[in-house]
$ cat model.cif   # mmCIF, C-alpha atoms
data_model
loop_
_atom_site.label_atom_id
_atom_site.label_comp_id
_atom_site.auth_asym_id
_atom_site.auth_seq_id
_atom_site.Cartn_x
_atom_site.Cartn_y
_atom_site.Cartn_z
CA MET A 1 10.13 -12.41 -21.33
CA ALA A 2 9.90 -10.41 -24.57
CA LYS A 3 10.90 -13.43 -26.66
CA ASP A 4 7.74 -15.22 -25.55
CA VAL A 5 5.48 -12.49 -26.94
CA LYS A 6 4.26 -12.73 -30.50
CA PRO A 7 4.97 -9.48 -32.38
CA THR A 8 1.42 -8.68 -33.46
CA ARG A 9 -0.46 -5.40 -33.38
CA LYS A 10 -3.13 -7.01 -31.20
CA ASN A 11 -0.54 -7.94 -28.58
CA LEU A 12 0.97 -4.47 -28.84
CA MET A 13 -2.41 -2.88 -28.13
CA GLN A 14 -2.97 -5.21 -25.18
CA ILE A 15 0.46 -4.39 -23.73
CA GLU A 16 -0.14 -0.66 -24.18
CA ASP A 17 -3.43 -1.03 -22.27
CA ARG A 18 -1.64 -2.94 -19.49
CA ILE A 19 1.06 -0.26 -19.34
CA GLU A 20 -1.54 2.49 -19.00
CA LEU A 21 -3.39 0.55 -16.29
CA SER A 22 -0.18 -0.31 -14.44
CA GLU A 23 1.05 3.29 -14.54
CA ARG A 24 -2.26 4.50 -13.09
CA GLY A 25 -2.06 1.80 -10.42
CA HIS A 26 1.53 2.76 -9.65
CA ASP A 27 0.60 6.42 -9.22
CA THR A 28 -2.36 5.51 -7.01
CA LEU A 29 -0.26 3.22 -4.82
CA GLU A 30 2.45 5.85 -4.50
CA LYS A 31 -0.10 8.39 -3.29
CA LYS A 32 -1.53 5.83 -0.89
CA ARG A 33 1.95 4.98 0.41
CA ASP A 34 2.79 8.64 0.98
CA GLY A 35 -0.55 9.24 2.69
CA LEU A 36 -0.07 6.21 4.92
CA ILE A 37 3.40 7.40 5.89
CA MET A 38 2.03 10.81 6.89
CA GLU A 39 -0.73 9.17 8.96
CA PHE A 40 1.83 6.81 10.49
CA MET A 41 4.05 9.71 11.52
CA ASP A 42 1.11 11.34 13.31
CA ILE A 43 0.34 8.08 15.13
CA LEU A 44 4.03 7.64 15.93
CA ASP A 45 4.12 11.07 17.58
CA GLN A 46 1.04 10.12 19.58
CA ALA A 47 2.60 6.77 20.53
CA GLN A 48 5.75 8.48 21.80
CA ASP A 49 3.67 10.80 23.98
CA VAL A 50 1.62 7.88 25.29
CA ARG A 51 4.77 5.90 26.10
CA GLU A 52 6.14 8.81 28.10
CA ASP A 53 2.81 9.18 29.93
CA LEU A 54 2.76 5.43 30.54
CA GLY A 55 6.19 5.53 32.16
CA ASP A 56 5.28 8.54 34.30
CA ASP A 57 1.94 7.04 35.36
CA TYR A 58 3.57 3.72 36.23
CA GLU A 59 6.18 5.37 38.41
CA ARG A 60 3.51 7.48 40.13
CA ALA A 61 1.33 4.41 40.75
CA GLN A 62 4.29 2.46 42.15
CA ARG A 63 5.18 5.29 44.50
CA ALA A 64 1.56 5.58 45.62
CA ILE A 65 1.12 1.86 46.29
CA ASN A 66 4.45 1.62 48.10
CA MET A 67 3.48 4.54 50.28
CA ALA A 68 0.07 3.01 51.03
CA ARG A 69 1.62 -0.33 51.93
CA ALA A 70 4.15 1.37 54.15
CA MET A 71 1.56 3.50 55.93
CA GLU A 72 -1.44 1.14 56.04
CA GLY A 73 0.12 -2.30 55.60
CA ASP A 74 -0.38 -4.98 52.97
CA VAL A 75 -3.54 -6.33 54.59
CA ALA A 76 -5.36 -3.01 54.37
CA VAL A 77 -4.23 -2.43 50.77
CA ARG A 78 -5.27 -5.92 49.66
CA GLY A 79 -8.57 -5.55 51.52
CA ALA A 80 -9.31 -2.28 49.68
CA ALA A 81 -8.46 -3.88 46.33
CA ALA A 82 -10.66 -6.91 47.05
CA ALA A 83 -13.59 -4.66 47.90
CA LEU A 84 -13.90 -3.52 44.30
CA LYS A 85 -17.22 -4.71 42.87
CA GLU A 86 -17.45 -3.04 39.45
CA HIS A 87 -14.52 -3.89 37.26
CA PRO A 88 -13.50 -1.86 34.21
CA GLU A 89 -15.26 -2.73 30.96
CA LEU A 90 -13.77 -2.52 27.48
CA THR A 91 -15.52 -2.43 24.12
CA THR A 92 -13.71 -2.48 20.80
CA GLN A 93 -14.80 -0.78 17.64
CA SER A 94 -12.89 -0.01 14.46
CA LYS A 95 -12.10 2.98 12.33
CA ASN A 96 -10.74 3.29 8.82
CA ILE A 97 -7.54 5.20 8.09
CA MET A 98 -6.88 5.26 4.33
CA GLY A 99 -8.23 1.75 3.91
CA VAL A 100 -6.55 0.37 7.03
CA VAL A 101 -8.93 -0.86 9.73
CA VAL A 102 -7.52 -0.04 13.15
CA PRO A 103 -9.06 -0.74 16.56
CA GLN A 104 -10.75 1.87 18.71
CA ILE A 105 -10.98 0.85 22.36
CA GLU A 106 -13.67 2.38 24.53
CA SER A 107 -13.40 1.96 28.30
CA SER A 108 -15.88 2.51 31.09
CA LYS A 109 -15.84 2.17 34.87
CA VAL A 110 -12.09 2.73 34.98
CA LYS A 111 -12.04 5.89 37.07
CA LYS A 112 -14.30 5.73 40.11
CA SER A 113 -15.43 7.99 42.88
CA LEU A 114 -14.69 7.14 46.50
CA ASP A 115 -18.03 5.48 47.09
CA GLU A 116 -17.74 3.42 43.87
CA ARG A 117 -14.51 1.72 44.94
CA GLY A 118 -16.29 -0.55 47.40
CA TYR A 119 -14.20 -0.03 50.50
CA GLY A 120 -15.41 2.02 53.41
CA VAL A 121 -14.18 5.57 53.51
CA MET A 122 -13.85 5.54 57.28
CA GLY A 123 -11.72 2.39 57.32
CA THR A 124 -9.08 3.62 54.87
CA SER A 125 -6.74 6.55 54.51
CA ALA A 126 -5.96 9.07 51.81
CA ARG A 127 -2.89 6.98 50.89
CA ILE A 128 -5.09 4.14 49.63
CA ASP A 129 -7.28 6.63 47.77
CA GLU A 130 -4.19 8.10 46.08
CA ALA A 131 -2.96 4.64 45.11
CA ALA A 132 -6.36 3.67 43.71
CA GLU A 133 -6.56 6.89 41.69
CA ALA A 134 -3.00 6.45 40.39
CA TYR A 135 -3.72 2.93 39.18
CA GLU A 136 -6.97 4.01 37.56
CA GLU A 137 -5.06 6.63 35.58
CA LEU A 138 -2.38 4.08 34.74
CA LEU A 139 -5.02 1.67 33.42
CA GLU A 140 -6.52 4.37 31.20
CA THR A 141 -3.07 5.10 29.80
CA ILE A 142 -2.44 1.39 29.19
CA ILE A 143 -5.72 1.12 27.26
CA LEU A 144 -4.81 4.14 25.13
CA ALA A 145 -1.30 2.75 24.57
CA ALA A 146 -2.76 -0.57 23.41
CA GLU A 147 -4.99 1.22 20.92
CA VAL A 148 -2.22 3.44 19.56
CA GLU A 149 0.41 0.68 19.40
CA THR A 150 -1.96 -1.66 17.55
CA ALA A 151 -2.92 1.07 15.10
CA MET A 152 0.74 1.87 14.52
CA LYS A 153 1.56 -1.79 13.88
CA LYS A 154 -1.30 -2.18 11.38
CA MET A 155 -0.33 1.04 9.60
CA LEU A 156 3.29 -0.08 9.36
CA GLU A 157 2.24 -3.46 7.91
CA GLU A 158 0.08 -1.72 5.30
CA ILE A 159 2.91 0.66 4.40
CA GLU A 160 5.27 -2.28 3.85
CA THR A 161 2.66 -4.09 1.73
CA THR A 162 2.03 -0.97 -0.36
CA LYS A 163 5.77 -0.37 -0.79
CA ARG A 164 6.24 -3.93 -2.06
CA ARG A 165 3.44 -3.42 -4.59
CA VAL A 166 4.90 -0.11 -5.75
CA ASN A 167 8.34 -1.69 -6.15
CA ALA A 168 6.91 -4.70 -7.99
CA LEU A 169 5.23 -2.38 -10.49
CA GLU A 170 8.16 0.01 -10.78
CA PHE A 171 11.03 -2.46 -10.97
CA LYS A 172 9.45 -5.64 -12.38
CA LEU A 173 6.10 -5.42 -14.14
CA LEU A 174 6.45 -2.06 -15.89
CA PRO A 175 10.03 -2.69 -17.12
CA ASP A 176 8.93 -6.05 -18.54
CA LEU A 177 5.96 -4.42 -20.25
CA TYR A 178 8.18 -1.66 -21.66
CA ASP A 179 10.60 -4.31 -22.97
CA ASN A 180 7.74 -6.21 -24.59
CA GLN A 181 6.40 -3.03 -26.12
CA GLU A 182 9.81 -2.11 -27.54
CA TYR A 183 10.36 -5.66 -28.81
CA ILE A 184 7.03 -5.79 -30.64
CA GLU A 185 7.45 -2.28 -32.07
CA GLN A 186 10.90 -3.19 -33.40
CA LYS A 187 9.61 -6.43 -34.92
CA LEU A 188 6.64 -4.66 -36.50
CA GLU A 189 8.95 -2.00 -37.92
CA GLU A 190 11.20 -4.73 -39.35
CA GLN A 191 8.18 -6.45 -40.86
CA GLU A 192 7.01 -3.14 -42.30
CA ARG A 193 10.42 -2.43 -43.81
CA GLU A 194 10.55 -5.94 -45.27
CA GLU A 195 7.07 -5.50 -46.70
CA ILE A 196 8.00 -2.15 -48.22
CA PHE A 197 11.17 -3.65 -49.67
CA ARG A 198 9.19 -6.61 -51.05
CA MET A 199 6.58 -4.32 -52.58
CA LYS A 200 9.32 -2.21 -54.17
CA LYS A 201 10.89 -5.31 -55.68
CA ILE A 202 7.53 -6.46 -57.01
CA LYS A 203 6.88 -2.99 -58.40
CA ALA A 204 10.32 -2.80 -59.95
CA LYS A 205 9.92 -6.28 -61.49
CA LYS A 206 6.50 -5.36 -62.83
CA GLU A 207 7.82 -2.11 -64.29
CA ALA A 208 10.72 -4.00 -65.85
CA GLU A 209 8.33 -6.49 -67.41
CA GLU A 210 6.13 -3.68 -68.70
CA ASP A 211 9.17 -1.90 -70.13
CA ALA A 212 10.28 -5.12 -71.84
CA ILE A 213 6.85 -5.65 -73.36
CA ALA A 214 6.73 -2.05 -74.50
CA ALA A 215 10.17 -2.37 -76.07
CA GLU A 216 9.14 -5.52 -77.96
CA GLU A 217 6.02 -3.84 -79.23
CA ALA A 218 8.01 -0.82 -80.36
CA ALA A 219 10.50 -3.04 -82.17
CA GLU A 220 7.74 -4.87 -83.99
CA GLU A 221 6.22 -1.58 -85.15
CA GLU A 222 9.55 -0.45 -86.66
CA VAL A 223 9.88 -3.55 -88.83
CA GLU A 224 8.10 -2.98 -92.21
CA PRO A 225 6.19 -5.92 -93.66
CA VAL A 226 7.66 -7.47 -96.90
CA THR A 227 5.17 -7.59 -99.90
CA ALA A 228 5.04 -9.80 -103.06
CA ASP A 229 5.76 -6.87 -105.40
CA ASP A 230 9.13 -6.40 -103.77
#
$ encode --input "model.cif" --output "structure tokens"
Amino acid sequence: MAKDVKPTRKNLMQIEDRIELSERGHDTLEKKRDGLIMEFMDILDQAQDVREDLGDDYERAQRAINMARAMEGDVAVRGAAAALKEHPELTTQSKNIMGVVVPQIESSKVKKSLDERGYGVMGTSARIDEAAEAYEELLETIILAAEVETAMKKMLEEIETTKRRVNALEFKLLPDLYDNQEYIEQKLEEQEREEIFRMKKIKAKKEAEEDAIAAEEAAEEEVEPVTADD
């Protein structure tokens, strides 16, 4: 790459400006990468907790529904589920974490009171109520898990993108710029040495010519003119 760069002071100044800009960009991206990793680790801890809660809630909901089916029968359980009139509602917003836009899921009408579930209290048992409550809690955990998992995925993608940019600057662009800078500086130094050598030769030649002229003039002054009387 360096061989394609003309060794001029203008190009040297431009490369030095690019080096300064690239170094600042490299430092900024490194700080961003480190910050993203710290944020990602916090989200990862949260995701691990949510996954554990999700597994526990699922097992609890399965036990509750199995117990309700065993005690009340499938018809009663399905009838209670079909009686539900207000279904859960989800709204999505977004938040910014170090330049990364991640989703924020808001839910409503997930957990309900006994009278909001639609089925008659007198026609059902506590087993169905327990199953309904368990599945409401499971749904809330699923919504939270979806939010956290999506945020974690987006953060990881941004970390990988930032790492690639840092590596491109550190191992490709900056080394090439440093090579170009060194190449131009060496060429300019060679040109300067050649110019100094050329100027010395010109000076030496001029001094030699001046010395020769001075010697001729001195020789002419030493020769006495011959007169007619002699």
$ resolve_selection --input "model.cif" --expression "the PyMOL selection byres ((chain A and resi 159-166) around 8)" --output "JSON, numbers by chain"
{"A": [26, 29, 30, 32, 33, 36, 37, 155, 156, 157, 158, 167, 168, 169, 170]}
$ residues_around --input "model.cif" --residues "range 146-151 of chain A" --least-positions-apart "4" --cutoff "10 Å" --atoms "only C-alpha atoms" --output "list in words"
Phe40, Ile43, Leu44, Gln46, Ala47, Gln48, Val50, Arg51, Thr92, Lys95, Ile97, Val100, Val101, Val102, Pro103, Gln104, Ile105, Glu106, Glu140, Thr141, Ile142, Met155, Leu156 and Glu157 of chain A
$ resolve_selection --input "model.cif" --expression "the PyMOL selection byres ((chain A and resi 65-69) around 12)" --output "PyMOL selection string"
chain A and resi 58-64+70-81+124-135
$ write_last_selection --input "model.cif" --atoms "C-alpha atoms" --output "mmCIF file, in the coordinates of the input"
data_model
loop_
_atom_site.group_PDB
_atom_site.id
_atom_site.type_symbol
_atom_site.label_atom_id
_atom_site.label_comp_id
_atom_site.auth_asym_id
_atom_site.auth_seq_id
_atom_site.Cartn_x
_atom_site.Cartn_y
_atom_site.Cartn_z
ATOM 1 C CA TYR A 58 3.570 3.720 36.230
ATOM 2 C CA GLU A 59 6.180 5.370 38.410
ATOM 3 C CA ARG A 60 3.510 7.480 40.130
ATOM 4 C CA ALA A 61 1.330 4.410 40.750
ATOM 5 C CA GLN A 62 4.290 2.460 42.150
ATOM 6 C CA ARG A 63 5.180 5.290 44.500
ATOM 7 C CA ALA A 64 1.560 5.580 45.620
ATOM 8 C CA ALA A 70 4.150 1.370 54.150
ATOM 9 C CA MET A 71 1.560 3.500 55.930
ATOM 10 C CA GLU A 72 -1.440 1.140 56.040
ATOM 11 C CA GLY A 73 0.120 -2.300 55.600
ATOM 12 C CA ASP A 74 -0.380 -4.980 52.970
ATOM 13 C CA VAL A 75 -3.540 -6.330 54.590
ATOM 14 C CA ALA A 76 -5.360 -3.010 54.370
ATOM 15 C CA VAL A 77 -4.230 -2.430 50.770
ATOM 16 C CA ARG A 78 -5.270 -5.920 49.660
ATOM 17 C CA GLY A 79 -8.570 -5.550 51.520
ATOM 18 C CA ALA A 80 -9.310 -2.280 49.680
ATOM 19 C CA ALA A 81 -8.460 -3.880 46.330
ATOM 20 C CA THR A 124 -9.080 3.620 54.870
ATOM 21 C CA SER A 125 -6.740 6.550 54.510
ATOM 22 C CA ALA A 126 -5.960 9.070 51.810
ATOM 23 C CA ARG A 127 -2.890 6.980 50.890
ATOM 24 C CA ILE A 128 -5.090 4.140 49.630
ATOM 25 C CA ASP A 129 -7.280 6.630 47.770
ATOM 26 C CA GLU A 130 -4.190 8.100 46.080
ATOM 27 C CA ALA A 131 -2.960 4.640 45.110
ATOM 28 C CA ALA A 132 -6.360 3.670 43.710
ATOM 29 C CA GLU A 133 -6.560 6.890 41.690
ATOM 30 C CA ALA A 134 -3.000 6.450 40.390
ATOM 31 C CA TYR A 135 -3.720 2.930 39.180
#
$ resolve_selection --input "model.cif" --expression "the PyMOL selection byres ((chain A and resi 173-181) around 8)" --output "PyMOL selection string"
chain A and resi 1-2+5+12+15-16+18-19+22-23+168-172+182-185
$ atom_distance --input "model.cif" --atom1 "CA of Ala82 in chain A" --atom2 "CA of Leu54 in chain A"
24.6 Å
$ atom_distance --input "model.cif" --atom1 "CA of Glu86 in chain A" --atom2 "CA of Val110 in chain A"
9.1 Å
$ atom_distance --input "model.cif" --atom1 "CA of Glu39 in chain A" --atom2 "CA of Ala145 in chain A"
16.9 Å
$ axis_aligned_box --input "model.cif" --around "range 134-144 of chain A" --padding-each-side "6 Å" --output "lines of an AutoDock Vina configuration file"
center_x = -4.7
center_y = 3.9
center_z = 32.8
size_x = 16.6
size_y = 17.5
size_z = 27.3
$ closest_residue --input "model.cif" --among "A:Leu84, A:Glu221, A:Asp211, A:Glu20" --to "Tyr119 in chain A" --atoms "only C-alpha atoms"
A:Leu84
$ residues_near_point --input "model.cif" --point "(-15.6, 4.5, 34.0)" --cutoff "12 Å" --atoms "only C-alpha atoms" --output "ChimeraX atom specification"
/A:86-90,106-113,116-117,136-137,139-140
$ closest_residue --input "model.cif" --among "A:Ser94, A:Thr28, A:Glu194, A:Glu189" --to "Pro7 in chain A" --atoms "only C-alpha atoms"
A:Glu189
$ closest_residue --input "model.cif" --among "A:Ile202, A:Gln93, A:Phe197, A:Met152" --to "Asp42 in chain A" --atoms "all atoms listed in the file"
A:Met152
$ build_atoms --input "model.cif" --residues "range 51-77 of chain A" --atoms "N, CA and C atoms" --output "PDB file, in the frame of the given file"
ATOM      1  N   ARG A  51       3.738   6.681  25.410  1.00  0.00           N
ATOM      2  CA  ARG A  51       4.770   5.900  26.100  1.00  0.00           C
ATOM      3  C   ARG A  51       5.379   6.691  27.246  1.00  0.00           C
ATOM      4  N   GLU A  52       5.610   7.974  27.016  1.00  0.00           N
ATOM      5  CA  GLU A  52       6.140   8.810  28.100  1.00  0.00           C
ATOM      6  C   GLU A  52       5.136   8.898  29.246  1.00  0.00           C
ATOM      7  N   ASP A  53       3.858   9.110  28.895  1.00  0.00           N
ATOM      8  CA  ASP A  53       2.810   9.180  29.930  1.00  0.00           C
ATOM      9  C   ASP A  53       2.714   7.848  30.675  1.00  0.00           C
ATOM     10  N   LEU A  54       2.865   6.752  29.919  1.00  0.00           N
ATOM     11  CA  LEU A  54       2.760   5.430  30.540  1.00  0.00           C
ATOM     12  C   LEU A  54       3.879   5.231  31.578  1.00  0.00           C
ATOM     13  N   GLY A  55       5.078   5.642  31.213  1.00  0.00           N
ATOM     14  CA  GLY A  55       6.190   5.530  32.160  1.00  0.00           C
ATOM     15  C   GLY A  55       5.983   6.398  33.388  1.00  0.00           C
ATOM     16  N   ASP A  56       5.518   7.632  33.175  1.00  0.00           N
ATOM     17  CA  ASP A  56       5.280   8.540  34.300  1.00  0.00           C
ATOM     18  C   ASP A  56       4.164   8.011  35.204  1.00  0.00           C
ATOM     19  N   ASP A  57       3.067   7.542  34.568  1.00  0.00           N
ATOM     20  CA  ASP A  57       1.940   7.040  35.360  1.00  0.00           C
ATOM     21  C   ASP A  57       2.322   5.788  36.147  1.00  0.00           C
ATOM     22  N   TYR A  58       3.140   4.946  35.536  1.00  0.00           N
ATOM     23  CA  TYR A  58       3.570   3.720  36.230  1.00  0.00           C
ATOM     24  C   TYR A  58       4.413   4.069  37.457  1.00  0.00           C
ATOM     25  N   GLU A  59       5.334   4.987  37.279  1.00  0.00           N
ATOM     26  CA  GLU A  59       6.180   5.370  38.410  1.00  0.00           C
ATOM     27  C   GLU A  59       5.339   6.008  39.521  1.00  0.00           C
ATOM     28  N   ARG A  60       4.382   6.838  39.128  1.00  0.00           N
ATOM     29  CA  ARG A  60       3.510   7.480  40.130  1.00  0.00           C
ATOM     30  C   ARG A  60       2.673   6.436  40.864  1.00  0.00           C
ATOM     31  N   ALA A  61       2.144   5.454  40.119  1.00  0.00           N
ATOM     32  CA  ALA A  61       1.330   4.410  40.750  1.00  0.00           C
ATOM     33  C   ALA A  61       2.173   3.561  41.687  1.00  0.00           C
ATOM     34  N   GLN A  62       3.416   3.254  41.285  1.00  0.00           N
ATOM     35  CA  GLN A  62       4.290   2.460  42.150  1.00  0.00           C
ATOM     36  C   GLN A  62       4.626   3.209  43.439  1.00  0.00           C
ATOM     37  N   ARG A  63       4.888   4.503  43.303  1.00  0.00           N
ATOM     38  CA  ARG A  63       5.180   5.290  44.500  1.00  0.00           C
ATOM     39  C   ARG A  63       3.966   5.329  45.436  1.00  0.00           C
ATOM     40  N   ALA A  64       2.783   5.482  44.819  1.00  0.00           N
ATOM     41  CA  ALA A  64       1.560   5.580  45.620  1.00  0.00           C
ATOM     42  C   ALA A  64       1.264   4.270  46.346  1.00  0.00           C
ATOM     43  N   ILE A  65       1.413   3.146  45.652  1.00  0.00           N
ATOM     44  CA  ILE A  65       1.120   1.860  46.290  1.00  0.00           C
ATOM     45  C   ILE A  65       2.160   1.515  47.344  1.00  0.00           C
ATOM     46  N   ASN A  66       3.400   1.863  47.105  1.00  0.00           N
ATOM     47  CA  ASN A  66       4.450   1.620  48.100  1.00  0.00           C
ATOM     48  C   ASN A  66       4.211   2.454  49.362  1.00  0.00           C
ATOM     49  N   MET A  67       3.766   3.685  49.140  1.00  0.00           N
ATOM     50  CA  MET A  67       3.480   4.540  50.280  1.00  0.00           C
ATOM     51  C   MET A  67       2.286   4.008  51.070  1.00  0.00           C
ATOM     52  N   ALA A  68       1.243   3.557  50.350  1.00  0.00           N
ATOM     53  CA  ALA A  68       0.070   3.010  51.030  1.00  0.00           C
ATOM     54  C   ALA A  68       0.414   1.749  51.804  1.00  0.00           C
ATOM     55  N   ARG A  69       1.224   0.913  51.238  1.00  0.00           N
ATOM     56  CA  ARG A  69       1.620  -0.330  51.930  1.00  0.00           C
ATOM     57  C   ARG A  69       2.458  -0.015  53.165  1.00  0.00           C
ATOM     58  N   ALA A  70       3.298   1.003  53.010  1.00  0.00           N
ATOM     59  CA  ALA A  70       4.150   1.370  54.150  1.00  0.00           C
ATOM     60  C   ALA A  70       3.336   1.985  55.279  1.00  0.00           C
ATOM     61  N   MET A  71       2.341   2.785  54.920  1.00  0.00           N
ATOM     62  CA  MET A  71       1.560   3.500  55.930  1.00  0.00           C
ATOM     63  C   MET A  71       0.425   2.653  56.488  1.00  0.00           C
ATOM     64  N   GLU A  72      -0.233   1.867  55.627  1.00  0.00           N
ATOM     65  CA  GLU A  72      -1.440   1.140  56.040  1.00  0.00           C
ATOM     66  C   GLU A  72      -1.207  -0.365  56.183  1.00  0.00           C
ATOM     67  N   GLY A  73      -0.149  -0.872  55.541  1.00  0.00           N
ATOM     68  CA  GLY A  73       0.120  -2.300  55.600  1.00  0.00           C
ATOM     69  C   GLY A  73      -0.494  -3.040  54.424  1.00  0.00           C
ATOM     70  N   ASP A  74       0.084  -4.195  54.113  1.00  0.00           N
ATOM     71  CA  ASP A  74      -0.380  -4.980  52.970  1.00  0.00           C
ATOM     72  C   ASP A  74      -1.821  -5.460  53.130  1.00  0.00           C
ATOM     73  N   VAL A  75      -2.198  -5.798  54.368  1.00  0.00           N
ATOM     74  CA  VAL A  75      -3.540  -6.330  54.590  1.00  0.00           C
ATOM     75  C   VAL A  75      -4.596  -5.281  54.228  1.00  0.00           C
ATOM     76  N   ALA A  76      -4.400  -4.071  54.660  1.00  0.00           N
ATOM     77  CA  ALA A  76      -5.360  -3.010  54.370  1.00  0.00           C
ATOM     78  C   ALA A  76      -5.419  -2.714  52.873  1.00  0.00           C
ATOM     79  N   VAL A  77      -4.263  -2.707  52.205  1.00  0.00           N
ATOM     80  CA  VAL A  77      -4.230  -2.430  50.770  1.00  0.00           C
ATOM     81  C   VAL A  77      -4.926  -3.543  49.991  1.00  0.00           C
TER      82      VAL A  77
END
